[in-house]
Amino acid sequence: MQTSAPLAPLPPPSPSLVWRRIRRNPLSFGALCVIGLIALAAIFAPWIAPYPPDATDAAAALQSVSWRHPLGTDLYGRDQLSRIIFAARIDLSVAFAATAAAVVIGSLLGAIIGYRGGWVDHIAMRPVDAIMAFPAFVLAMGITAALGNSTVNVAIAISITQVPSYLRLIRGEMLRIREMEYADAARTVGNPTWRIVLIHLLPNCMPPLIVQATLAMGFALLTMAALSFIGLGIQPPQSEWGVMTAEGASQIVTGEWWLFLFPGLAIMITVLAFNLVGDGLRDFLDPRMRGIR
Amino acid sequence: MPLVEVRELQMHFPLGGLPALLARLRGLPAPVVRAVQSVSFDVAPGETLALVGESGCGKSTVARCLLRLLDPTAGSIRYDGTEIATLDSDAMQPLRRNIQMVFQDPTASLNPRLTARRMVEEALLLHTALDAADRRARVDGVLEEVGLGRELADRHPHELSGGQRQRVNIARAIATNPRFVVLDEPTSALDVSLRSRIILLLESLRARHGLSYLFISHDLATVKYLAGRVAVMYLGVIVELAETGELFARPLHPYTRALIAAVPVPDPDSQRERFVLEGEIPSPMELPSGCPLRGRCPIEQPVCAEPRRSGKSRLGRYVACHRV
């Protein structure tokens with residue numbers, strides 16, 4: 001997937017250039033705005049949401065879309081809109097924490113393995129290949145089943161399934177970048193190995209890592225919602241998009257369509273937004289990848 | 001006493017893959033690329049020794065061994081009496097402030113994410129106990145010395161021109177007041193108009209700080225100007241080593257003669273020695289036996305097939321040729 005030729009190193013783009021180029025890609029820019037709105041809604045949920053997320057109201061159970069309850073109510077009369085807004089908190093923060101942990105662990109391990117190369121690389125990459133050959137979702141299921149399904153464990157499970165992809169990405173970049181003349185220059189000046197890896201080489205691996213991490217945010221959200229949907233992730237009564245979709249799914253036959261549709265839409269829109277931003281970033285950071293998926 | 005003494009330096013790169021496997025199956029020794037076969041020279045304090053030769057002759061490999069970016073296969077490198085060919089990286093670290101290098105490609109040798117200031121400052125951070133203010137002052141001083149204004153200090157490499165980039169490289173190399181600097185074709189990636197300025201800068205820095213240079217080049221005109229002595233390298237060995245004036249006036253080794261005869265002279269009527277080698281440079285995996293120039297040399301004799309004696313001095317020069 002990485003077709004980077006050993007060209008002259010790309011200069012770090014200036015913030016104003018980033019801004020100009022992002023605006024030139026309206027789809028990704030729109031997606032970025034959507035993510036921004038969802039994040040704001042999550043942060044200010046207690047002020048935005050019209051009702052508390054777990055306030056039950058037996059008199060208003062299973063109401064369809066109305067002015068009082070724009071996205072309807074569930075079996076216990078809880079307001080769907082409020083629950084979806086509050087769910088964004090846990091969904092985004094778990095996906096972000098899991099991705100951030102995977103990025104840090106994966107890129108440090110990948111940097112060490114790629115810089116060291118040789119037999120270390122040969123041996124260390126085999127377990128990584130084994131994990132990558134295993135379906136990520138089945139792996140996440142196994143880990144949550146083994147650890148027990150708390151919020152932290154869901155984050156750990158998602159994180160573990162993602163580590164190998166960052167590890168491989170950074171290892172590949174390292175194998176290429178460690179041969180650059182500026183790596184030799186850093187050695188000549190007398191940098192210890194840790195400084196060469198962390199200060200000189202790793203920052204130059206960042207562009208593909210940022211793209212990968214953005215795309216992975218979407219995937220982390222999907223994994224989390226899917227785990228919750230099958231009952232292995234976040235547990236009810238916590239409002240979470242996967243949990244809500246699962247609860248709604250059991251009502252499909254009785255015709256309460258709003259119960260599964262709106263949480264499902266929330267998942268879809270958020271995941272799509274992350275993917276579009278990721279694609280936009282890829283085009284922006286690596287013009288050679290334009291048009292290649 | 002010479003500052004740098006290199007004795008019988010050897011650098012062989014093992015070949016991997018199918019050829020290595022086939023050789024092992026046949027019980028043959030593992031195939032290697034003999035990038036540097038046996039190289040010996042001294043660099044005196046304050047001296048510029050040029051190392052010339054065509055691409056692939058092992059010049060840059062010698063440089064990378066001296067800086068210990070490579071671990072030499074055999075031989076000795078002494079810096080100021082200390083053997084450095086076998087030092088581990090921790091023991092090498094304190095010596096690095098004295099042995100520096102200017103790389104060939106001014107763009108590729110600068111970290112694209114760091115500013116000029118940070119790259120020059122790093123050498124001081126690693127090798128001196130200066131505090132931030134003193135480091136800043138020293139960086140400003142060094143940048144000024146190499147002809148870079150203060151306003152360029154906070155720029156990234158892509159915001160500098162090629163000549164400015166090479167000046168940053170030079171500033172980084174001299175920031176710690178080294179005594180020995182390896183210049184690996186420092187001007188070959190620059191415009192002709194910039195070359196002379198960089199050469200003049202290097203020469204003035206040498207004179208002012210008493211630096212010793214190992215100047216690697218294939219540009220004989222620059223060598224003539226900058227170097228006190230010249231070592232000519234061919235296929236991993238030094239074939240001739242002499243004072244610059246002597247070498248250009250009376251080249252003795254057939255390879256040197258061909259090299260100097262190939263320099264164009266801007267005079268259509270000049271009567272010059274016509275001395276041309278035959279064929280192409282052989283692969284360093286399959287070297288000819290005896291003299292490395294065998295098969296290409298116009299004055300070749302049967303004696304050339306014999307193993308070459310380890311060079312001989314004639315008229316105070318080193319020449320590795322059976323026929324001279």
# chains A, B, ... in the order shown; residues from 1 in each chain; ligands from 1

$ residues_around --residues "Glu240 in chain A" --least-positions-apart "3" --cutoff "7 Å" --atoms "only C-alpha atoms" --output "PyMOL selection string"
chain A and resi 87+90-91+243-244

$ residues_around --residues "Gln93 in chain B" --least-positions-apart "5" --cutoff "12 Å" --atoms "only C-alpha atoms" --output "MDAnalysis selection string"
(chainID A and resid 186:193) or (chainID B and resid 67:68 84 87:88 98:100 123 126:127)

$ closest_atom_pairs --of "chain B" --to "chain A" --cutoff "9 Å" --atoms "only C-alpha atoms" --output "Markdown table"
| residue | atom | partner | partner_atom | distance |
| --- | --- | --- | --- | --- |
| B:Leu67 | CA | A:Thr188 | CA | 6.5 |
| B:Arg68 | CA | A:Thr188 | CA | 8.2 |
| B:Leu69 | CA | A:Asp184 | CA | 7.0 |
| B:Ser89 | CA | A:Pro192 | CA | 8.5 |
| B:Asp90 | CA | A:Pro192 | CA | 8.4 |
| B:Met92 | CA | A:Gly190 | CA | 8.5 |
| B:Gln93 | CA | A:Gly190 | CA | 5.7 |
| B:Pro94 | CA | A:Gly190 | CA | 7.9 |
| B:Leu95 | CA | A:Gly190 | CA | 8.7 |
| B:Arg96 | CA | A:Gly190 | CA | 5.8 |
| B:Arg97 | CA | A:Val189 | CA | 7.1 |
| B:Ile99 | CA | A:Thr188 | CA | 8.2 |
| B:Gln100 | CA | A:Thr188 | CA | 6.5 |
| B:Met101 | CA | A:Thr188 | CA | 7.0 |
| B:Val102 | CA | A:Ala185 | CA | 8.3 |
| B:Phe103 | CA | A:Ala185 | CA | 7.6 |
| B:Gln104 | CA | A:Glu181 | CA | 8.8 |
| B:Asp105 | CA | A:Glu181 | CA | 7.8 |
| B:Thr107 | CA | A:Ala8 | CA | 7.3 |
| B:Ala108 | CA | A:Glu181 | CA | 5.4 |
| B:Ser109 | CA | A:Tyr182 | CA | 3.9 |
| B:Leu110 | CA | A:Tyr182 | CA | 5.1 |
| B:Asn111 | CA | A:Tyr182 | CA | 5.5 |
| B:Pro112 | CA | A:Pro11 | CA | 5.5 |
| B:Arg113 | CA | A:Pro12 | CA | 6.1 |
| B:Leu114 | CA | A:His200 | CA | 8.5 |
| B:Met119 | CA | A:Ala186 | CA | 8.9 |
| B:Glu122 | CA | A:Val189 | CA | 7.9 |
| B:Ala123 | CA | A:Val189 | CA | 5.7 |
| B:Leu126 | CA | A:Gly190 | CA | 6.9 |
| B:His127 | CA | A:Gly190 | CA | 8.0 |
| B:His156 | CA | A:Pro11 | CA | 7.9 |
| B:Pro157 | CA | A:Pro11 | CA | 7.8 |
| B:His158 | CA | A:Pro11 | CA | 6.0 |
| B:Glu159 | CA | A:Pro11 | CA | 8.9 |
| B:Asn169 | CA | A:Ala185 | CA | 9.0 |
| B:Arg172 | CA | A:Val189 | CA | 8.0 |
| B:Ala173 | CA | A:Val189 | CA | 7.6 |

$ write_last_selection --atoms "N, CA, C and O atoms" --output "compact mmCIF listing (two decimals), in the first residue's frame"
# COMPACT_ATOMS: atom_id res chain seq x y z
N LEU B 67 34.14 7.54 9.72
CA LEU B 67 33.14 8.11 10.63
C LEU B 67 32.47 7.01 11.45
O LEU B 67 31.60 7.30 12.26
N ARG B 68 32.86 5.77 11.19
CA ARG B 68 32.28 4.60 11.85
C ARG B 68 30.77 4.52 11.64
O ARG B 68 30.02 4.12 12.53
N LEU B 69 30.34 4.91 10.44
CA LEU B 69 28.98 4.60 10.03
C LEU B 69 28.95 3.16 9.54
O LEU B 69 27.89 2.55 9.40
N SER B 89 30.05 1.98 19.91
CA SER B 89 29.46 3.30 19.68
C SER B 89 29.56 4.20 20.92
O SER B 89 29.69 5.41 20.79
N ASP B 90 29.52 3.62 22.12
CA ASP B 90 29.64 4.45 23.32
C ASP B 90 31.02 5.06 23.44
O ASP B 90 31.17 6.23 23.80
N MET B 92 32.99 5.61 20.99
CA MET B 92 33.20 6.49 19.84
C MET B 92 32.58 7.86 20.09
O MET B 92 33.06 8.88 19.60
N GLN B 93 31.49 7.87 20.87
CA GLN B 93 30.69 9.09 21.07
C GLN B 93 31.52 10.34 21.44
O GLN B 93 31.40 11.36 20.77
N PRO B 94 32.38 10.29 22.47
CA PRO B 94 33.12 11.53 22.80
C PRO B 94 34.08 11.97 21.70
O PRO B 94 34.41 13.16 21.62
N LEU B 95 34.51 11.03 20.84
CA LEU B 95 35.44 11.41 19.78
C LEU B 95 34.73 12.10 18.62
O LEU B 95 35.35 12.76 17.80
N ARG B 96 33.42 11.93 18.55
CA ARG B 96 32.70 12.43 17.38
C ARG B 96 32.74 13.95 17.25
O ARG B 96 32.61 14.47 16.16
N ARG B 97 32.94 14.65 18.37
CA ARG B 97 33.01 16.10 18.25
C ARG B 97 34.25 16.52 17.47
O ARG B 97 34.32 17.63 16.96
N ILE B 99 35.66 14.52 14.93
CA ILE B 99 35.66 13.93 13.59
C ILE B 99 34.29 14.17 12.99
O ILE B 99 33.30 13.60 13.45
N GLN B 100 34.21 15.01 12.01
CA GLN B 100 32.91 15.35 11.44
C GLN B 100 32.89 15.11 9.94
O GLN B 100 33.91 14.81 9.34
N MET B 101 31.70 15.27 9.37
CA MET B 101 31.57 14.96 7.95
C MET B 101 30.58 15.92 7.30
O MET B 101 29.58 16.29 7.91
N VAL B 102 30.89 16.33 6.08
CA VAL B 102 29.94 17.09 5.26
C VAL B 102 29.51 16.15 4.15
O VAL B 102 30.34 15.60 3.42
N PHE B 103 28.21 15.95 4.03
CA PHE B 103 27.70 14.93 3.12
C PHE B 103 27.54 15.46 1.71
O PHE B 103 27.54 16.67 1.47
N GLN B 104 27.37 14.51 0.81
CA GLN B 104 27.33 14.83 -0.61
C GLN B 104 26.07 15.59 -1.00
O GLN B 104 26.13 16.58 -1.72
N ASP B 105 24.92 15.11 -0.51
CA ASP B 105 23.65 15.69 -0.95
C ASP B 105 23.14 16.65 0.13
O ASP B 105 22.69 16.22 1.18
N THR B 107 20.55 18.30 0.46
CA THR B 107 19.13 18.21 0.81
C THR B 107 18.86 16.96 1.63
O THR B 107 18.24 17.03 2.69
N ALA B 108 19.34 15.83 1.15
CA ALA B 108 19.04 14.56 1.84
C ALA B 108 19.72 14.48 3.20
O ALA B 108 19.29 13.72 4.05
N SER B 109 20.78 15.26 3.41
CA SER B 109 21.50 15.12 4.68
C SER B 109 20.97 16.07 5.75
O SER B 109 21.51 16.10 6.85
N LEU B 110 19.93 16.83 5.44
CA LEU B 110 19.31 17.67 6.47
C LEU B 110 17.94 17.10 6.80
O LEU B 110 17.17 16.75 5.91
N ASN B 111 17.64 17.02 8.10
CA ASN B 111 16.35 16.52 8.54
C ASN B 111 15.26 17.52 8.14
O ASN B 111 15.30 18.67 8.59
N PRO B 112 14.28 17.11 7.29
CA PRO B 112 13.30 18.08 6.78
C PRO B 112 12.44 18.72 7.85
O PRO B 112 11.80 19.74 7.61
N ARG B 113 12.40 18.15 9.04
CA ARG B 113 11.52 18.70 10.08
C ARG B 113 12.23 19.60 11.07
O ARG B 113 11.60 20.10 11.99
N LEU B 114 13.53 19.75 10.94
CA LEU B 114 14.25 20.59 11.90
C LEU B 114 14.71 21.87 11.22
O LEU B 114 14.98 21.90 10.03
N MET B 119 19.54 22.04 14.00
CA MET B 119 20.51 21.04 13.55
C MET B 119 21.92 21.39 13.97
O MET B 119 22.71 20.53 14.34
N GLU B 122 22.25 21.04 17.83
CA GLU B 122 22.26 19.68 18.37
C GLU B 122 23.68 19.20 18.67
O GLU B 122 23.93 18.56 19.70
N ALA B 123 24.62 19.51 17.77
CA ALA B 123 26.00 19.09 18.00
C ALA B 123 26.52 19.67 19.32
O ALA B 123 27.20 18.98 20.08
N LEU B 126 24.93 17.93 22.35
CA LEU B 126 25.42 16.58 22.63
C LEU B 126 26.85 16.58 23.16
O LEU B 126 27.26 15.65 23.83
N HIS B 127 27.63 17.61 22.82
CA HIS B 127 29.06 17.53 23.11
C HIS B 127 29.58 18.60 24.05
O HIS B 127 30.73 18.55 24.43
N HIS B 156 13.38 26.00 7.76
CA HIS B 156 13.53 24.57 7.50
C HIS B 156 14.30 24.38 6.20
O HIS B 156 14.34 25.29 5.36
N PRO B 157 14.87 23.18 5.99
CA PRO B 157 15.69 22.97 4.79
C PRO B 157 14.99 23.34 3.49
O PRO B 157 15.62 23.89 2.58
N HIS B 158 13.67 23.06 3.38
CA HIS B 158 13.02 23.33 2.10
C HIS B 158 12.84 24.82 1.84
O HIS B 158 12.47 25.21 0.74
N GLU B 159 13.09 25.63 2.87
CA GLU B 159 13.00 27.08 2.68
C GLU B 159 14.36 27.70 2.36
O GLU B 159 14.49 28.92 2.35
N ASN B 169 25.02 22.40 6.41
CA ASN B 169 25.78 21.16 6.64
C ASN B 169 27.18 21.45 7.15
O ASN B 169 27.68 20.77 8.05
N ARG B 172 27.01 22.69 10.72
CA ARG B 172 26.80 21.57 11.65
C ARG B 172 28.11 20.82 11.90
O ARG B 172 28.41 20.42 13.02
N ALA B 173 28.89 20.66 10.81
CA ALA B 173 30.14 19.89 10.95
C ALA B 173 31.17 20.64 11.79
O ALA B 173 31.94 20.03 12.52

$ select_by_dssp --residues "range 120-196 of chain B" --states "strand (DSSP E)" --output "MDAnalysis selection string"
chainID B and resid 180:184

$ write_last_selection --atoms "all heavy atoms" --output "tab-separated table (two decimals), in the first residue's frame"
chain	number	residue	atom	x	y	z
B	180	PHE	N	39.18	17.16	12.45
B	180	PHE	CA	39.24	16.42	11.20
B	180	PHE	C	37.85	16.38	10.59
B	180	PHE	O	36.88	15.99	11.25
B	180	PHE	CB	39.74	15.00	11.49
B	180	PHE	CG	39.80	14.11	10.28
B	180	PHE	CD1	40.51	14.50	9.15
B	180	PHE	CD2	39.16	12.88	10.28
B	180	PHE	CE1	40.58	13.67	8.04
B	180	PHE	CE2	39.23	12.05	9.17
B	180	PHE	CZ	39.94	12.45	8.05
B	181	VAL	N	37.73	16.83	9.35
B	181	VAL	CA	36.43	16.84	8.69
B	181	VAL	C	36.55	16.08	7.37
B	181	VAL	O	37.45	16.35	6.57
B	181	VAL	CB	35.92	18.27	8.43
B	181	VAL	CG1	34.56	18.23	7.74
B	181	VAL	CG2	35.83	19.06	9.71
B	182	VAL	N	35.66	15.12	7.18
B	182	VAL	CA	35.60	14.40	5.91
B	182	VAL	C	34.60	15.13	5.02
B	182	VAL	O	33.46	15.35	5.42
B	182	VAL	CB	35.15	12.94	6.13
B	182	VAL	CG1	34.97	12.24	4.80
B	182	VAL	CG2	36.15	12.21	6.99
B	183	LEU	N	35.04	15.54	3.84
B	183	LEU	CA	34.16	16.22	2.90
B	183	LEU	C	33.86	15.24	1.77
B	183	LEU	O	34.72	14.94	0.96
B	183	LEU	CB	34.85	17.47	2.33
B	183	LEU	CG	35.44	18.44	3.35
B	183	LEU	CD1	36.36	19.44	2.67
B	183	LEU	CD2	34.33	19.16	4.08
B	184	ASP	N	32.64	14.69	1.77
B	184	ASP	CA	32.30	13.68	0.77
B	184	ASP	C	31.64	14.36	-0.43
B	184	ASP	O	30.44	14.57	-0.44
B	184	ASP	CB	31.37	12.64	1.39
B	184	ASP	CG	31.13	11.47	0.45
B	184	ASP	OD1	31.73	11.45	-0.64
B	184	ASP	OD2	30.33	10.57	0.80

$ residues_around --residues "Leu175 in chain A" --least-positions-apart "5" --cutoff "9 Å" --atoms "only C-alpha atoms" --output "VMD selection string"
chain A and resid 111 113 to 117 170

$ write_last_selection --atoms "all heavy atoms" --output "CSV table (one decimal), in the first residue's frame"
chain,number,residue,atom,x,y,z
A,111,ALA,N,9.1,1.4,15.3
A,111,ALA,CA,10.3,2.1,15.1
A,111,ALA,C,11.5,1.3,15.6
A,111,ALA,O,12.5,1.3,14.9
A,111,ALA,CB,10.2,3.4,15.9
A,113,ILE,N,11.8,-2.0,15.9
A,113,ILE,CA,12.0,-3.2,15.0
A,113,ILE,C,12.5,-2.7,13.6
A,113,ILE,O,13.5,-3.3,13.1
A,113,ILE,CB,10.6,-4.0,14.8
A,113,ILE,CG1,10.3,-4.6,16.2
A,113,ILE,CG2,10.8,-5.0,13.8
A,113,ILE,CD1,8.9,-5.1,16.2
A,114,GLY,N,11.9,-1.7,13.1
A,114,GLY,CA,12.4,-1.2,11.8
A,114,GLY,C,13.8,-0.7,11.8
A,114,GLY,O,14.6,-0.9,10.9
A,115,TYR,N,14.1,0.1,12.9
A,115,TYR,CA,15.5,0.6,12.9
A,115,TYR,C,16.5,-0.5,13.1
A,115,TYR,O,17.6,-0.4,12.5
A,115,TYR,CB,15.5,1.6,14.1
A,115,TYR,CG,16.9,2.4,14.1
A,115,TYR,CD1,17.2,3.4,13.2
A,115,TYR,CD2,17.8,2.0,15.1
A,115,TYR,CE1,18.4,4.0,13.2
A,115,TYR,CE2,19.1,2.7,15.1
A,115,TYR,CZ,19.3,3.7,14.2
A,115,TYR,OH,20.5,4.3,14.2
A,116,ARG,N,16.2,-1.4,14.0
A,116,ARG,CA,17.1,-2.5,14.3
A,116,ARG,C,17.3,-3.4,13.0
A,116,ARG,O,18.4,-3.8,12.7
A,116,ARG,CB,16.6,-3.3,15.5
A,116,ARG,CG,17.5,-4.3,16.1
A,116,ARG,CD,18.8,-3.7,16.6
A,116,ARG,NE,19.7,-4.8,17.0
A,116,ARG,CZ,20.3,-5.6,16.2
A,116,ARG,NH1,20.1,-5.4,14.9
A,116,ARG,NH2,21.1,-6.5,16.6
A,117,GLY,N,16.2,-3.7,12.4
A,117,GLY,CA,16.2,-4.5,11.2
A,117,GLY,C,16.8,-5.9,11.4
A,117,GLY,O,16.8,-6.4,12.5
A,170,ILE,N,4.9,1.7,10.5
A,170,ILE,CA,6.1,2.5,11.0
A,170,ILE,C,7.4,1.7,10.7
A,170,ILE,O,8.4,2.2,10.3
A,170,ILE,CB,6.0,2.8,12.5
A,170,ILE,CG1,4.8,3.8,12.7
A,170,ILE,CG2,7.3,3.4,13.0
A,170,ILE,CD1,5.1,5.2,12.0

$ atom_distance --atom1 "CA of Ala216 in chain A" --atom2 "CA of Asp121 in chain A"
24.4 Å

$ atom_distance --atom1 "CA of Ser76 in chain B" --atom2 "CA of Gly228 in chain B"
23.3 Å

$ select_by_dssp --residues "range 26-190 of chain B" --states "alpha helix (DSSP H)" --output "JSON, numbers by chain"
{"B": [59, 60, 61, 62, 63, 64, 65, 66, 89, 90, 91, 92, 116, 117, 118, 119, 120, 121, 122, 123, 124, 125, 126, 127, 132, 133, 134, 135, 136, 137, 138, 139, 140, 141, 142, 143, 144, 145, 162, 163, 164, 165, 166, 167, 168, 169, 170, 171, 172, 173, 174]}

$ residues_around --residues "range 141-152 of chain A" --least-positions-apart "6" --cutoff "10 Å" --atoms "only C-alpha atoms" --output "ChimeraX atom specification"
/A:90,94,97-98,158,160-161,223-224,226-228,230-235

$ residues_around --residues "Glu5 in chain B" --least-positions-apart "2" --cutoff "6 Å" --atoms "only C-alpha atoms" --output "PDB file with C-alpha atoms, in the first residue's frame"
ATOM      1  CA  ASP B  42      47.882   9.573   6.638  1.00  0.00           C
ATOM      2  CA  ILE B  77      42.094   3.699  11.724  1.00  0.00           C
ATOM      3  CA  ARG B  78      43.932   5.815  14.258  1.00  0.00           C
TER       4      ARG B  78
END

$ residues_around --residues "Leu81 in chain A" --least-positions-apart "2" --cutoff "8 Å" --atoms "only C-alpha atoms" --output "JSON, numbers by chain"
{"A": [49, 50, 69, 70, 71, 72, 79, 83, 84, 85]}

$ closest_residue --among "A:Gly110, A:Ile156, A:Leu92, A:Ala102" --to "Ile35 in chain A" --atoms "only C-alpha atoms"
A:Leu92

$ residues_around --residues "Arg274 in chain B" --least-positions-apart "6" --cutoff "10 Å" --atoms "only C-alpha atoms" --output "list of chain:residue names"
B:Arg257, B:Ala258, B:Ala261, B:Ala262
